[in-house]
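> Please find protein.tsv (TSV, C-alpha atoms) on the next line:
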```
chain	number	residue	atom	x	y	z
A	428	MET	CA	-16.12	-17.61	-33.65
A	429	ALA	CA	-18.45	-15.36	-31.71
A	430	PRO	CA	-17.75	-14.90	-28.00
A	431	GLU	CA	-21.13	-16.40	-27.06
A	432	ASN	CA	-19.98	-19.79	-28.44
A	433	PHE	CA	-17.26	-19.99	-25.76
A	434	THR	CA	-17.75	-21.45	-22.29
A	435	ARG	CA	-18.16	-18.63	-19.78
A	436	VAL	CA	-15.57	-18.54	-17.04
A	437	THR	CA	-16.88	-19.16	-13.51
A	438	GLU	CA	-13.50	-19.49	-11.81
A	439	PHE	CA	-9.88	-18.51	-12.43
A	440	ILE	CA	-6.59	-20.32	-11.85
A	441	LEU	CA	-3.72	-18.30	-10.34
A	442	THR	CA	-0.26	-19.39	-11.50
A	443	GLY	CA	1.34	-17.89	-8.37
A	444	VAL	CA	4.83	-16.47	-7.95
A	445	SER	CA	6.42	-19.60	-9.42
A	446	ALA	CA	5.05	-22.72	-11.07
A	447	ARG	CA	8.03	-24.89	-10.02
A	448	PRO	CA	6.80	-27.56	-7.54
A	449	GLU	CA	10.07	-27.72	-5.60
A	450	LEU	CA	9.80	-24.00	-4.73
A	451	GLN	CA	6.27	-24.07	-3.31
A	452	ILE	CA	7.16	-24.97	0.31
A	453	PRO	CA	10.23	-22.66	0.53
A	454	LEU	CA	8.20	-19.79	-0.94
A	455	PHE	CA	5.33	-20.55	1.44
A	456	LEU	CA	7.70	-20.26	4.42
A	457	VAL	CA	9.26	-17.02	3.11
A	458	PHE	CA	5.91	-15.32	2.53
A	459	LEU	CA	4.50	-16.68	5.79
A	460	VAL	CA	7.36	-14.93	7.63
A	461	ILE	CA	6.77	-11.72	5.61
A	462	TYR	CA	3.04	-11.74	6.35
A	463	THR	CA	3.59	-12.53	10.05
A	464	LEU	CA	6.02	-9.61	10.35
A	465	THR	CA	3.56	-7.38	8.46
A	466	VAL	CA	0.68	-8.21	10.80
A	467	THR	CA	2.84	-7.91	13.92
A	468	GLY	CA	4.48	-4.63	12.88
A	469	ASN	CA	1.34	-2.86	11.69
A	470	LEU	CA	-0.77	-4.03	14.64
A	471	GLY	CA	2.04	-2.76	16.86
A	472	ILE	CA	1.94	0.69	15.22
A	473	ILE	CA	-1.87	0.78	15.46
A	474	THR	CA	-1.77	-0.20	19.14
A	475	LEU	CA	1.02	2.19	20.16
A	476	THR	CA	-0.47	5.20	18.38
A	477	SER	CA	-3.84	4.45	19.98
A	478	VAL	CA	-2.80	3.95	23.63
A	479	ASP	CA	0.29	6.12	24.15
A	480	SER	CA	-0.53	9.70	25.16
A	481	ARG	CA	2.65	11.07	23.54
A	482	LEU	CA	1.59	9.74	20.14
A	483	GLN	CA	-1.76	11.57	19.99
A	484	THR	CA	-0.68	14.05	17.32
A	485	PRO	CA	-1.78	14.41	13.67
A	486	MET	CA	1.45	12.80	12.41
A	487	TYR	CA	0.83	9.60	14.39
A	488	PHE	CA	-2.89	9.68	13.58
A	489	PHE	CA	-1.97	9.48	9.88
A	490	LEU	CA	0.68	6.85	10.62
A	491	ARG	CA	-1.95	4.71	12.37
A	492	HIS	CA	-4.15	4.80	9.30
A	493	LEU	CA	-1.21	4.06	7.01
A	494	ALA	CA	-0.64	0.96	9.15
A	495	ILE	CA	-4.34	0.02	8.83
A	496	ILE	CA	-4.08	0.40	5.05
A	497	ASN	CA	-0.86	-1.65	4.88
A	498	LEU	CA	-2.41	-4.38	7.00
A	499	GLY	CA	-5.56	-4.41	4.87
A	500	ASN	CA	-3.66	-4.46	1.56
A	501	SER	CA	-1.45	-7.34	2.67
A	502	THR	CA	-4.39	-9.31	4.11
A	503	VAL	CA	-6.35	-9.03	0.86
A	504	ILE	CA	-3.45	-10.76	-0.95
A	505	ALA	CA	-1.37	-12.92	1.41
A	506	PRO	CA	-3.80	-15.51	2.94
A	507	LYS	CA	-5.07	-16.71	-0.46
A	508	MET	CA	-1.51	-16.68	-1.80
A	509	LEU	CA	-0.27	-18.81	1.11
A	510	VAL	CA	-3.10	-21.32	0.67
A	511	ASN	CA	-2.27	-21.66	-3.03
A	512	PHE	CA	1.32	-22.60	-2.24
A	513	LEU	CA	0.00	-25.72	-0.45
A	514	THR	CA	-2.72	-26.79	-2.90
A	515	LYS	CA	-2.61	-28.27	-6.39
A	516	GLU	CA	-5.82	-26.58	-7.51
A	517	LYS	CA	-4.96	-22.87	-7.27
A	518	THR	CA	-8.45	-21.73	-8.14
A	519	THR	CA	-10.47	-18.69	-7.18
A	520	SER	CA	-14.12	-18.11	-8.02
A	521	TYR	CA	-15.23	-15.32	-10.36
A	522	TYR	CA	-16.76	-13.29	-7.51
A	523	GLU	CA	-13.89	-13.99	-5.11
A	524	CYS	CA	-11.51	-12.69	-7.78
A	525	ALA	CA	-13.61	-9.54	-8.26
A	526	THR	CA	-13.72	-8.99	-4.49
A	527	GLN	CA	-9.94	-9.39	-4.18
A	528	LEU	CA	-9.33	-6.90	-6.99
A	529	GLY	CA	-11.73	-4.42	-5.39
A	530	GLY	CA	-10.10	-4.79	-1.96
A	531	PHE	CA	-6.61	-4.42	-3.40
A	532	LEU	CA	-7.56	-1.28	-5.33
A	533	THR	CA	-9.26	0.23	-2.28
A	534	PHE	CA	-6.16	-0.08	-0.12
A	535	ILE	CA	-3.49	0.72	-2.73
A	536	VAL	CA	-5.28	3.92	-3.84
A	537	SER	CA	-5.91	4.89	-0.20
A	538	GLU	CA	-2.18	4.42	0.47
A	539	VAL	CA	-1.26	6.72	-2.43
A	540	ILE	CA	-3.54	9.43	-1.00
A	541	MET	CA	-2.39	8.84	2.59
A	542	LEU	CA	1.28	9.30	1.68
A	543	ALA	CA	0.39	12.64	0.05
A	544	VAL	CA	-1.59	13.68	3.15
A	545	MET	CA	1.36	12.77	5.39
A	546	ALA	CA	3.67	14.90	3.21
A	547	TYR	CA	1.26	17.84	3.61
A	548	ASP	CA	1.23	17.25	7.37
A	549	ARG	CA	5.04	17.50	7.49
A	550	TYR	CA	4.94	20.64	5.31
A	551	VAL	CA	2.56	22.39	7.72
A	552	ALA	CA	4.52	21.21	10.79
A	553	ILE	CA	7.84	22.56	9.49
A	554	CYS	CA	6.81	25.57	7.38
A	555	ASN	CA	3.91	26.85	9.55
A	556	PRO	CA	4.53	25.43	13.05
A	557	LEU	CA	2.52	28.15	14.83
A	558	LEU	CA	-0.60	27.31	12.82
A	559	TYR	CA	-0.05	23.54	12.88
A	560	MET	CA	-2.78	22.58	15.36
A	561	VAL	CA	-5.23	24.90	13.60
A	562	VAL	CA	-4.50	23.83	10.01
A	563	VAL	CA	-4.25	20.14	10.92
A	564	SER	CA	-6.96	20.01	13.59
A	565	PRO	CA	-8.54	16.70	14.69
A	566	ARG	CA	-11.58	17.44	12.53
A	567	ILE	CA	-9.46	18.12	9.44
A	568	CYS	CA	-7.37	14.99	10.11
A	569	LEU	CA	-10.51	12.86	10.28
A	570	THR	CA	-11.84	14.49	7.11
A	571	LEU	CA	-8.60	13.85	5.17
A	572	VAL	CA	-8.43	10.21	6.27
A	573	SER	CA	-12.11	9.66	5.47
A	574	LEU	CA	-11.63	11.15	2.01
A	575	ALA	CA	-8.64	8.87	1.39
A	576	TYR	CA	-10.71	5.77	2.21
A	577	LEU	CA	-13.75	7.03	0.31
A	578	TYR	CA	-11.72	7.88	-2.78
A	579	GLY	CA	-9.95	4.51	-2.64
A	580	PHE	CA	-13.27	2.68	-2.37
A	581	SER	CA	-14.87	4.72	-5.17
A	582	THR	CA	-11.90	4.08	-7.47
A	583	ALA	CA	-12.07	0.37	-6.68
A	584	ILE	CA	-15.78	0.23	-7.56
A	585	VAL	CA	-15.30	2.03	-10.88
A	586	VAL	CA	-12.15	0.22	-12.02
A	587	SER	CA	-13.12	-3.30	-10.92
A	588	SER	CA	-16.58	-2.84	-12.49
A	589	CYS	CA	-14.93	-1.92	-15.79
A	590	VAL	CA	-12.50	-4.85	-15.61
A	591	PHE	CA	-15.32	-7.33	-14.96
A	592	SER	CA	-17.69	-5.75	-17.48
A	593	VAL	CA	-15.87	-7.57	-20.29
A	594	SER	CA	-16.44	-11.25	-21.05
A	595	TYR	CA	-14.07	-14.00	-19.96
A	596	CYS	CA	-14.40	-17.18	-21.97
A	597	SER	CA	-12.43	-20.43	-22.16
A	598	SER	CA	-9.02	-19.18	-20.98
A	599	ASN	CA	-9.02	-18.71	-17.19
A	600	VAL	CA	-5.35	-18.97	-16.16
A	601	ILE	CA	-4.19	-15.70	-14.57
A	602	ASN	CA	-0.42	-15.28	-14.81
A	603	HIS	CA	-0.19	-13.73	-11.35
A	604	PHE	CA	-0.47	-14.56	-7.64
A	605	TYR	CA	-3.62	-12.44	-7.18
A	606	CYS	CA	-6.38	-10.97	-9.34
A	607	ASP	CA	-4.92	-7.83	-10.93
A	608	ASN	CA	-6.07	-5.60	-13.78
A	609	VAL	CA	-3.51	-6.34	-16.49
A	610	PRO	CA	-3.40	-10.16	-16.37
A	611	LEU	CA	-7.20	-10.29	-16.06
A	612	LEU	CA	-7.81	-8.11	-19.10
A	613	ALA	CA	-5.29	-10.21	-21.05
A	614	LEU	CA	-7.72	-13.14	-20.73
A	615	SER	CA	-10.78	-11.35	-22.08
A	616	CYS	CA	-12.37	-12.58	-25.30
A	617	THR	CA	-13.99	-9.20	-26.00
A	618	ASP	CA	-12.72	-5.69	-26.68
A	619	THR	CA	-10.81	-4.33	-23.65
A	620	SER	CA	-10.00	-0.83	-24.93
A	621	PHE	CA	-12.46	0.91	-22.58
A	622	PRO	CA	-11.42	-0.83	-19.30
A	623	GLU	CA	-7.74	-0.46	-20.28
A	624	THR	CA	-8.30	3.28	-20.78
A	625	VAL	CA	-10.08	3.57	-17.42
A	626	VAL	CA	-7.25	1.68	-15.67
A	627	PHE	CA	-4.60	3.84	-17.36
A	628	ILE	CA	-6.34	7.15	-16.59
A	629	SER	CA	-7.00	6.14	-12.97
A	630	THR	CA	-3.41	4.99	-12.39
A	631	ALA	CA	-1.82	7.97	-14.11
A	632	THR	CA	-4.10	10.51	-12.38
A	633	ASN	CA	-3.58	9.05	-8.90
A	634	LEU	CA	0.19	8.78	-9.27
A	635	PHE	CA	0.59	12.20	-10.89
A	636	PHE	CA	-1.41	14.26	-8.40
A	637	SER	CA	-0.17	12.43	-5.30
A	638	MET	CA	3.46	12.73	-6.44
A	639	ILE	CA	2.97	16.43	-7.21
A	640	ALA	CA	1.57	16.93	-3.69
A	641	VAL	CA	4.55	15.10	-2.17
A	642	LEU	CA	7.16	16.90	-4.30
A	643	VAL	CA	5.67	20.36	-3.71
A	644	SER	CA	5.45	19.69	0.05
A	645	TYR	CA	9.06	18.57	0.28
A	646	PHE	CA	10.31	21.33	-2.00
A	647	ASN	CA	8.85	23.87	0.42
A	648	ILE	CA	10.17	21.90	3.40
A	649	VAL	CA	13.72	21.97	1.99
A	650	LEU	CA	13.50	25.72	1.31
A	651	SER	CA	12.20	26.33	4.82
A	652	VAL	CA	14.91	24.19	6.42
A	653	LEU	CA	17.70	25.88	4.43
A	654	ARG	CA	16.53	29.26	5.79
A	655	MET	CA	16.97	28.04	9.37
A	656	ARG	CA	20.04	29.52	11.08
A	657	SER	CA	20.38	26.79	13.68
A	658	SER	CA	22.04	23.55	12.52
A	659	GLU	CA	20.23	21.78	15.38
A	660	GLY	CA	16.91	23.10	14.06
A	661	ARG	CA	17.72	21.87	10.55
A	662	LYS	CA	18.68	18.44	11.87
A	663	LYS	CA	15.48	18.18	13.92
A	664	ALA	CA	13.34	19.28	10.96
A	665	PHE	CA	14.88	16.71	8.63
A	666	SER	CA	14.60	13.96	11.23
A	667	THR	CA	10.83	14.48	11.58
A	668	CYS	CA	10.27	13.68	7.90
A	669	GLY	CA	13.14	11.24	7.28
A	670	SER	CA	10.98	8.13	7.79
A	671	HIS	CA	8.25	9.42	5.49
A	672	VAL	CA	10.78	10.31	2.77
A	673	MET	CA	12.17	6.78	2.91
A	674	ALA	CA	8.68	5.19	2.78
A	675	VAL	CA	7.60	7.45	-0.11
A	676	THR	CA	10.81	6.74	-2.06
A	677	VAL	CA	10.41	2.97	-1.78
A	678	PHE	CA	6.68	3.01	-2.59
A	679	TYR	CA	6.71	5.42	-5.54
A	680	GLY	CA	10.00	4.00	-6.82
A	681	THR	CA	8.41	0.56	-7.12
A	682	LEU	CA	5.25	1.87	-8.81
A	683	LEU	CA	7.23	4.02	-11.27
A	684	PHE	CA	9.51	1.08	-12.10
A	685	MET	CA	6.42	-0.98	-12.88
A	686	TYR	CA	4.41	1.54	-14.89
A	687	LEU	CA	7.16	3.46	-16.70
A	688	GLN	CA	8.97	0.48	-18.18
A	689	PRO	CA	9.39	0.53	-21.98
A	690	LYS	CA	6.90	-1.87	-23.57
A	691	THR	CA	9.79	-3.85	-25.07
A	692	ASN	CA	11.02	-4.72	-21.55
A	693	HIS	CA	7.59	-5.08	-20.00
A	694	SER	CA	6.43	-8.54	-18.94
A	695	LEU	CA	3.90	-10.06	-16.55
A	696	ASP	CA	6.77	-11.79	-14.70
A	697	THR	CA	8.34	-8.38	-14.01
A	698	ASP	CA	4.94	-7.13	-12.86
A	699	LYS	CA	4.72	-10.05	-10.44
A	700	MET	CA	8.05	-9.20	-8.83
A	701	ALA	CA	7.09	-5.52	-8.50
A	702	SER	CA	3.68	-6.53	-7.13
A	703	VAL	CA	5.30	-8.73	-4.47
A	704	PHE	CA	7.20	-5.66	-3.35
A	705	TYR	CA	4.35	-3.16	-3.03
A	706	THR	CA	1.67	-5.60	-1.80
A	707	LEU	CA	3.73	-7.62	0.69
A	708	VAL	CA	7.26	-6.30	1.26
A	709	ILE	CA	6.49	-2.56	1.66
A	710	PRO	CA	3.67	-3.19	4.19
A	711	MET	CA	6.24	-5.20	6.17
A	712	LEU	CA	8.95	-2.53	5.86
A	713	ASN	CA	6.87	0.54	6.77
A	714	PRO	CA	6.48	-0.29	10.50
A	715	MET	CA	10.24	-0.92	10.67
A	716	ILE	CA	11.04	2.35	8.87
A	717	TYR	CA	8.78	4.40	11.15
A	718	SER	CA	9.78	2.66	14.39
A	719	LEU	CA	13.54	2.25	13.94
A	720	ARG	CA	14.00	5.89	12.89
A	721	ASN	CA	11.56	7.38	15.38
A	722	LYS	CA	12.53	7.98	19.01
A	723	ASP	CA	8.93	8.59	20.14
A	724	VAL	CA	7.75	5.27	18.73
A	725	LYS	CA	10.71	3.40	20.24
A	726	ASP	CA	10.09	5.01	23.65
A	727	ALA	CA	6.38	4.18	23.41
A	728	LEU	CA	7.21	0.56	22.57
A	729	LYS	CA	9.57	0.26	25.55
A	730	LYS	CA	6.91	1.76	27.84
A	731	PHE	CA	4.22	-0.55	26.43
A	732	ILE	CA	6.40	-3.66	26.93
A	733	ALA	CA	7.32	-2.53	30.45
A	734	ASN	CA	3.63	-2.03	31.34
A	735	LEU	CA	2.75	-5.36	29.74
A	736	PHE	CA	5.14	-7.30	31.94
A	737	SER	CA	4.90	-5.16	35.09
A	738	PRO	CA	2.23	-7.41	36.70
A	739	CYS	CA	4.61	-10.34	36.29
A	740	LYS	CA	7.29	-8.48	38.24
A	741	SER	CA	4.96	-7.78	41.17
A	742	MET	CA	3.86	-11.41	41.49
```
For the structure just supplied, provide its representation as structure tokens.

Amino acid sequence: MAPENFTRVTEFILTGVSARPELQIPLFLVFLVIYTLTVTGNLGIITLTSVDSRLQTPMYFFLRHLAIINLGNSTVIAPKMLVNFLTKEKTTSYYECATQLGGFLTFIVSEVIMLAVMAYDRYVAICNPLLYMVVVSPRICLTLVSLAYLYGFSTAIVVSSCVFSVSYCSSNVINHFYCDNVPLLALSCTDTSFPETVVFISTATNLFFSMIAVLVSYFNIVLSVLRMRSSEGRKKAFSTCGSHVMAVTVFYGTLLFMYLQPKTNHSLDTDKMASVFYTLVIPMLNPMIYSLRNKDVKDALKKFIANLFSPCKSM
């Protein structure tokens, strides 16, 4: 039967994390806590790196924008997901679905670029400390961040346009908790070879070049640190990039687990679990990783809290 004889899809149904009715309220509470911690932690990082004079360096400028990206990525996914836990009709309109996919792609691609930029920042700080403020000047920082957002947005426009250029007819149940490329294309009633190729090339290119940038940066950092004669200097150098190494490991580890699985082991349910991690759990963990391992951030937080409650003490 020709595709035009099918009913065109005007809305999609999201199956969510689990279809079991008895798990909906417990899962709602779990993800509500995760999202609340994500919003609180990332807004905290954004606030501290904006108001504290000691955190006005390129490293914290990039960290602020990583927090903005994490907050945006989580907010694109979590509110709709939480609403669907409490409703029987877990529907999303065609255009709402396209908007969610575009927003998700914008932030996830921007995060990939931002992590590579932050690795470069640490490379310059440790390997060329005397040129640091010249190489990573405020103007260059702003340019790098702007390019990350612009590239993320451009990728989102291209990929989401390709995904929604195919026809969706009759079947409209997305086996996921948000509108994502793979489960969407699985519903198409027309040939999906072109959008699948675009998605594959975009994903592979972004991961490959960003990981190369990170690996090359840290390879040079390790060589530079090993040449240091002072053990205190080596310890200080490693401590300045410890948080970023942990964040990069968790983020890329999750993406590689998802995209490098053998096809025989690959399933949409596995994708859902990986997606929960990099859309909701990692944005919650990043503020903790950067604050708990960073003395400057902890000191800034203590100062901010003290200033916040100082009027109360004087009353």
> From the list A:Met711, A:Asp726, A:Met700, A:Phe604, which residue is nearest Leu464 of chain A when using only C-alpha atoms?
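Checking each candidate against Leu464 of chain A, we get A:Met711 as the closest.
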> Could you check which residues have any atom within 12 Å of (17.1, 10.3, 9.9), counting only C-alpha atoms with coordinates taken straight from the file, and then list them as a list in words?
Arg661, Lys662, Lys663, Ala664, Phe665, Ser666, Thr667, Cys668, Gly669, Ser670, His671, Val672, Met673, Ile716, Tyr717, Ser718, Leu719, Arg720, Asn721 and Lys722 of chain A
> Go through A:Leu542, A:Ile504, A:Leu650, A:Met560 one by one, measure the shortest atom-to-atom distance of each to Phe489 of chain A using all atoms listed in the file, and give the residue with the smallest value.
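Of A:Leu542, A:Ile504, A:Leu650, A:Met560, the one nearest Phe489 of chain A, counting all atoms listed in the file, is A:Leu542.
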> For the atom pair atom CA of Leu612 of chain A and atom CA of Tyr595 of chain A, what is the interatomic distance in Å to one decimal place?
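Going from atom CA of Leu612 of chain A over to atom CA of Tyr595 of chain A, I get 8.6 Å.
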> So the first atom is atom CA of Asn633 of chain A and the second is atom CA of Phe580 of chain A; what is the distance between them in Å, to one decimal place?
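According to the coordinates, atom CA of Asn633 of chain A and atom CA of Phe580 of chain A are separated by 13.3 Å.
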> If I take atom CA of Thr697 of chain A and atom CA of Gln527 of chain A, how far is one from the other in Å, to one decimal?
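Pair atom CA of Thr697 of chain A / atom CA of Gln527 of chain A returns 20.8 Å.
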> Since the input lacks atoms, please generate N, CA, C and O atoms for segment 532-553 of chain A and provide them as a PDB file, keeping the file's coordinate frame.

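That gives us selection-v3.pdb:
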```pdb
ATOM      1  N   LEU A 532      -7.497  -2.642  -4.802  1.00  0.00           N
ATOM      2  CA  LEU A 532      -7.560  -1.280  -5.330  1.00  0.00           C
ATOM      3  C   LEU A 532      -7.933  -0.270  -4.245  1.00  0.00           C
ATOM      4  O   LEU A 532      -7.381   0.836  -4.188  1.00  0.00           O
ATOM      5  N   THR A 533      -8.859  -0.655  -3.370  1.00  0.00           N
ATOM      6  CA  THR A 533      -9.260   0.230  -2.280  1.00  0.00           C
ATOM      7  C   THR A 533      -8.064   0.625  -1.424  1.00  0.00           C
ATOM      8  O   THR A 533      -7.840   1.820  -1.143  1.00  0.00           O
ATOM      9  N   PHE A 534      -7.277  -0.359  -1.033  1.00  0.00           N
ATOM     10  CA  PHE A 534      -6.160  -0.080  -0.120  1.00  0.00           C
ATOM     11  C   PHE A 534      -4.968   0.562  -0.818  1.00  0.00           C
ATOM     12  O   PHE A 534      -4.330   1.451  -0.248  1.00  0.00           O
ATOM     13  N   ILE A 535      -4.668   0.147  -2.055  1.00  0.00           N
ATOM     14  CA  ILE A 535      -3.490   0.720  -2.730  1.00  0.00           C
ATOM     15  C   ILE A 535      -3.734   2.177  -3.092  1.00  0.00           C
ATOM     16  O   ILE A 535      -2.840   3.022  -2.973  1.00  0.00           O
ATOM     17  N   VAL A 536      -4.962   2.522  -3.513  1.00  0.00           N
ATOM     18  CA  VAL A 536      -5.280   3.920  -3.840  1.00  0.00           C
ATOM     19  C   VAL A 536      -5.328   4.755  -2.558  1.00  0.00           C
ATOM     20  O   VAL A 536      -4.841   5.892  -2.526  1.00  0.00           O
ATOM     21  N   SER A 537      -5.893   4.180  -1.489  1.00  0.00           N
ATOM     22  CA  SER A 537      -5.910   4.890  -0.200  1.00  0.00           C
ATOM     23  C   SER A 537      -4.497   5.164   0.292  1.00  0.00           C
ATOM     24  O   SER A 537      -4.226   6.226   0.868  1.00  0.00           O
ATOM     25  N   GLU A 538      -3.570   4.222   0.044  1.00  0.00           N
ATOM     26  CA  GLU A 538      -2.180   4.420   0.470  1.00  0.00           C
ATOM     27  C   GLU A 538      -1.532   5.562  -0.309  1.00  0.00           C
ATOM     28  O   GLU A 538      -0.787   6.377   0.266  1.00  0.00           O
ATOM     29  N   VAL A 539      -1.795   5.630  -1.602  1.00  0.00           N
ATOM     30  CA  VAL A 539      -1.260   6.720  -2.430  1.00  0.00           C
ATOM     31  C   VAL A 539      -1.724   8.070  -1.873  1.00  0.00           C
ATOM     32  O   VAL A 539      -0.920   9.007  -1.730  1.00  0.00           O
ATOM     33  N   ILE A 540      -2.998   8.178  -1.543  1.00  0.00           N
ATOM     34  CA  ILE A 540      -3.540   9.430  -1.000  1.00  0.00           C
ATOM     35  C   ILE A 540      -2.976   9.703   0.392  1.00  0.00           C
ATOM     36  O   ILE A 540      -2.627  10.844   0.720  1.00  0.00           O
ATOM     37  N   MET A 541      -2.871   8.654   1.216  1.00  0.00           N
ATOM     38  CA  MET A 541      -2.390   8.840   2.590  1.00  0.00           C
ATOM     39  C   MET A 541      -0.947   9.341   2.623  1.00  0.00           C
ATOM     40  O   MET A 541      -0.589  10.187   3.462  1.00  0.00           O
ATOM     41  N   LEU A 542      -0.112   8.847   1.732  1.00  0.00           N
ATOM     42  CA  LEU A 542       1.280   9.300   1.680  1.00  0.00           C
ATOM     43  C   LEU A 542       1.345  10.783   1.290  1.00  0.00           C
ATOM     44  O   LEU A 542       2.181  11.529   1.806  1.00  0.00           O
ATOM     45  N   ALA A 543       0.453  11.215   0.413  1.00  0.00           N
ATOM     46  CA  ALA A 543       0.390  12.640   0.050  1.00  0.00           C
ATOM     47  C   ALA A 543      -0.087  13.479   1.224  1.00  0.00           C
ATOM     48  O   ALA A 543       0.444  14.569   1.490  1.00  0.00           O
ATOM     49  N   VAL A 544      -1.079  12.979   1.964  1.00  0.00           N
ATOM     50  CA  VAL A 544      -1.590  13.680   3.150  1.00  0.00           C
ATOM     51  C   VAL A 544      -0.494  13.800   4.205  1.00  0.00           C
ATOM     52  O   VAL A 544      -0.341  14.853   4.839  1.00  0.00           O
ATOM     53  N   MET A 545       0.277  12.744   4.393  1.00  0.00           N
ATOM     54  CA  MET A 545       1.360  12.770   5.390  1.00  0.00           C
ATOM     55  C   MET A 545       2.453  13.758   4.978  1.00  0.00           C
ATOM     56  O   MET A 545       3.071  14.399   5.841  1.00  0.00           O
ATOM     57  N   ALA A 546       2.708  13.901   3.683  1.00  0.00           N
ATOM     58  CA  ALA A 546       3.670  14.900   3.210  1.00  0.00           C
ATOM     59  C   ALA A 546       3.168  16.306   3.513  1.00  0.00           C
ATOM     60  O   ALA A 546       3.929  17.181   3.949  1.00  0.00           O
ATOM     61  N   TYR A 547       1.870  16.537   3.292  1.00  0.00           N
ATOM     62  CA  TYR A 547       1.260  17.840   3.610  1.00  0.00           C
ATOM     63  C   TYR A 547       1.359  18.130   5.100  1.00  0.00           C
ATOM     64  O   TYR A 547       1.653  19.265   5.508  1.00  0.00           O
ATOM     65  N   ASP A 548       1.129  17.105   5.923  1.00  0.00           N
ATOM     66  CA  ASP A 548       1.230  17.250   7.370  1.00  0.00           C
ATOM     67  C   ASP A 548       2.629  17.709   7.774  1.00  0.00           C
ATOM     68  O   ASP A 548       2.789  18.613   8.606  1.00  0.00           O
ATOM     69  N   ARG A 549       3.662  17.104   7.176  1.00  0.00           N
ATOM     70  CA  ARG A 549       5.040  17.500   7.490  1.00  0.00           C
ATOM     71  C   ARG A 549       5.338  18.909   6.993  1.00  0.00           C
ATOM     72  O   ARG A 549       6.086  19.664   7.638  1.00  0.00           O
ATOM     73  N   TYR A 550       4.748  19.284   5.845  1.00  0.00           N
ATOM     74  CA  TYR A 550       4.940  20.640   5.310  1.00  0.00           C
ATOM     75  C   TYR A 550       4.386  21.682   6.289  1.00  0.00           C
ATOM     76  O   TYR A 550       5.051  22.673   6.596  1.00  0.00           O
ATOM     77  N   VAL A 551       3.172  21.441   6.789  1.00  0.00           N
ATOM     78  CA  VAL A 551       2.560  22.390   7.720  1.00  0.00           C
ATOM     79  C   VAL A 551       3.360  22.446   9.019  1.00  0.00           C
ATOM     80  O   VAL A 551       3.609  23.522   9.570  1.00  0.00           O
ATOM     81  N   ALA A 552       3.790  21.273   9.516  1.00  0.00           N
ATOM     82  CA  ALA A 552       4.520  21.210  10.790  1.00  0.00           C
ATOM     83  C   ALA A 552       5.840  21.977  10.730  1.00  0.00           C
ATOM     84  O   ALA A 552       6.240  22.620  11.710  1.00  0.00           O
ATOM     85  N   ILE A 553       6.519  21.941   9.595  1.00  0.00           N
ATOM     86  CA  ILE A 553       7.840  22.560   9.490  1.00  0.00           C
ATOM     87  C   ILE A 553       7.759  23.994   8.968  1.00  0.00           C
ATOM     88  O   ILE A 553       8.464  24.877   9.455  1.00  0.00           O
TER      89      ILE A 553
END
```
